[in-house]
Amino acid sequence: MFNTIGYFQFNNLIQGRIPMLLVLLDNIDLAPWFNQVTRLHLENIVVHSQPEQVLPLIQERKLPLHYAVLVLDNDGVRSASTVEALEKAGFTNAYYVKGGFAALANERTQQI
């Protein structure tokens with residue numbers, strides 16, 4: 001039903017500097033995971049928001065409905081419902097990390 005990604009896909013999106021909006025719902029610091037060039041990309045694509053503010057934020061930026069949006073929280077619960085709201089609003093390229101940052105960090109540890 002909803003689009004989910006794991007560490008491998010997440011890392012590829014960030015390392016490849018793919019144009020997207022990365023919405024962080026919690027106080028998550030991804031900078032230590034990446035080198036300086038990639039951190040600059042992160043700084044340009046990250047916004048911090050609350051779930052109920054994500055759709056208005058995206059609409060305010062006048063992003064097209066096909067623009068990639070990735071929502072991340074600590075456990076994946078609020079990000080899933082946020083992506084559901086985005087899909088209901090017509091966004092076709094919205095994703096979240098199943099299990100949130102905790103799952104992402106766990107998968108990253110297994111990859112290293």
# chains A, B, ... in the order shown; residues from 1 in each chain; ligands from 1
>>> select_by_dssp(residues="chain A", states="helix (DSSP H, G or I)", output="ChimeraX atom specification")
/A:7-15,31-33,36-45,51-60,77-88,100-111
>>> closest_atom_pairs(of="range 14-53 of chain A", to="range 65-76 of chain A", cutoff="9 Å", atoms="only C-alpha atoms", output="CSV")
residue,atom,partner,partner_atom,distance
A:Ile18,CA,A:Ala68,CA,8.9
A:Pro19,CA,A:Ala68,CA,7.2
A:Met20,CA,A:Ala68,CA,4.7
A:Leu21,CA,A:Val69,CA,4.8
A:Leu22,CA,A:Leu70,CA,4.8
A:Val23,CA,A:Val71,CA,4.7
A:Leu24,CA,A:Leu72,CA,5.0
A:Leu25,CA,A:Asp73,CA,4.9
A:Asp26,CA,A:Asp73,CA,5.3
A:Asn27,CA,A:Asp73,CA,8.2
A:Ile28,CA,A:Asn74,CA,7.6
>>> atom_distance(atom1="CA of Glu52 in chain A", atom2="CA of Leu40 in chain A")
27.1 Å
>>> select_by_dssp(residues="chain A", states="strand (DSSP E)", output="list of chain:residue names")
A:Asn3, A:Thr4, A:Ile5, A:Leu21, A:Leu22, A:Val23, A:Leu24, A:Val46, A:Val47, A:His48, A:Val69, A:Leu70, A:Val71, A:Leu72, A:Ala94, A:Tyr95, A:Tyr96, A:Val97
>>> write_last_selection(atoms="C-alpha atoms", output="PDB file, in the first residue's frame")
ATOM      1  CA  ASN A   3       6.055   2.917  -0.258  1.00  0.00           C
ATOM      2  CA  THR A   4       8.744   1.813   2.161  1.00  0.00           C
ATOM      3  CA  ILE A   5      12.500   1.725   1.823  1.00  0.00           C
ATOM      4  CA  LEU A  21      12.690  16.395   0.212  1.00  0.00           C
ATOM      5  CA  LEU A  22      13.727  14.514   3.350  1.00  0.00           C
ATOM      6  CA  VAL A  23      11.286  15.250   6.162  1.00  0.00           C
ATOM      7  CA  LEU A  24      12.538  14.436   9.656  1.00  0.00           C
ATOM      8  CA  VAL A  46      16.237  18.152   4.977  1.00  0.00           C
ATOM      9  CA  VAL A  47      13.329  19.850   6.692  1.00  0.00           C
ATOM     10  CA  HIS A  48      12.162  19.259  10.246  1.00  0.00           C
ATOM     11  CA  VAL A  69       9.453  12.928  -0.538  1.00  0.00           C
ATOM     12  CA  LEU A  70      11.016  10.703   2.111  1.00  0.00           C
ATOM     13  CA  VAL A  71       9.647  10.881   5.657  1.00  0.00           C
ATOM     14  CA  LEU A  72      11.697   9.593   8.595  1.00  0.00           C
ATOM     15  CA  ALA A  94       6.283   9.530  -1.117  1.00  0.00           C
ATOM     16  CA  TYR A  95       8.239   7.026   0.977  1.00  0.00           C
ATOM     17  CA  TYR A  96       9.083   6.219   4.566  1.00  0.00           C
ATOM     18  CA  VAL A  97      11.578   3.947   6.263  1.00  0.00           C
TER      19      VAL A  97
END
>>> closest_residue(among="A:Gly99, A:Gln50, A:Gln9, A:Gln15", to="Trp33 in chain A", atoms="only C-alpha atoms")
A:Gln15
>>> atom_distance(atom1="CA of Val77 in chain A", atom2="CA of Gly100 in chain A")
7.5 Å
>>> closest_residue(among="A:Thr109, A:Leu86, A:Phe101, A:Gly16", to="Asp29 in chain A", atoms="only C-alpha atoms")
A:Phe101
>>> atom_distance(atom1="CA of Ala85 in chain A", atom2="CA of Pro64 in chain A")
15.6 Å
>>> closest_residue(among="A:Asn12, A:Arg39, A:Pro32, A:Phe91", to="Ile58 in chain A", atoms="only C-alpha atoms")
A:Phe91
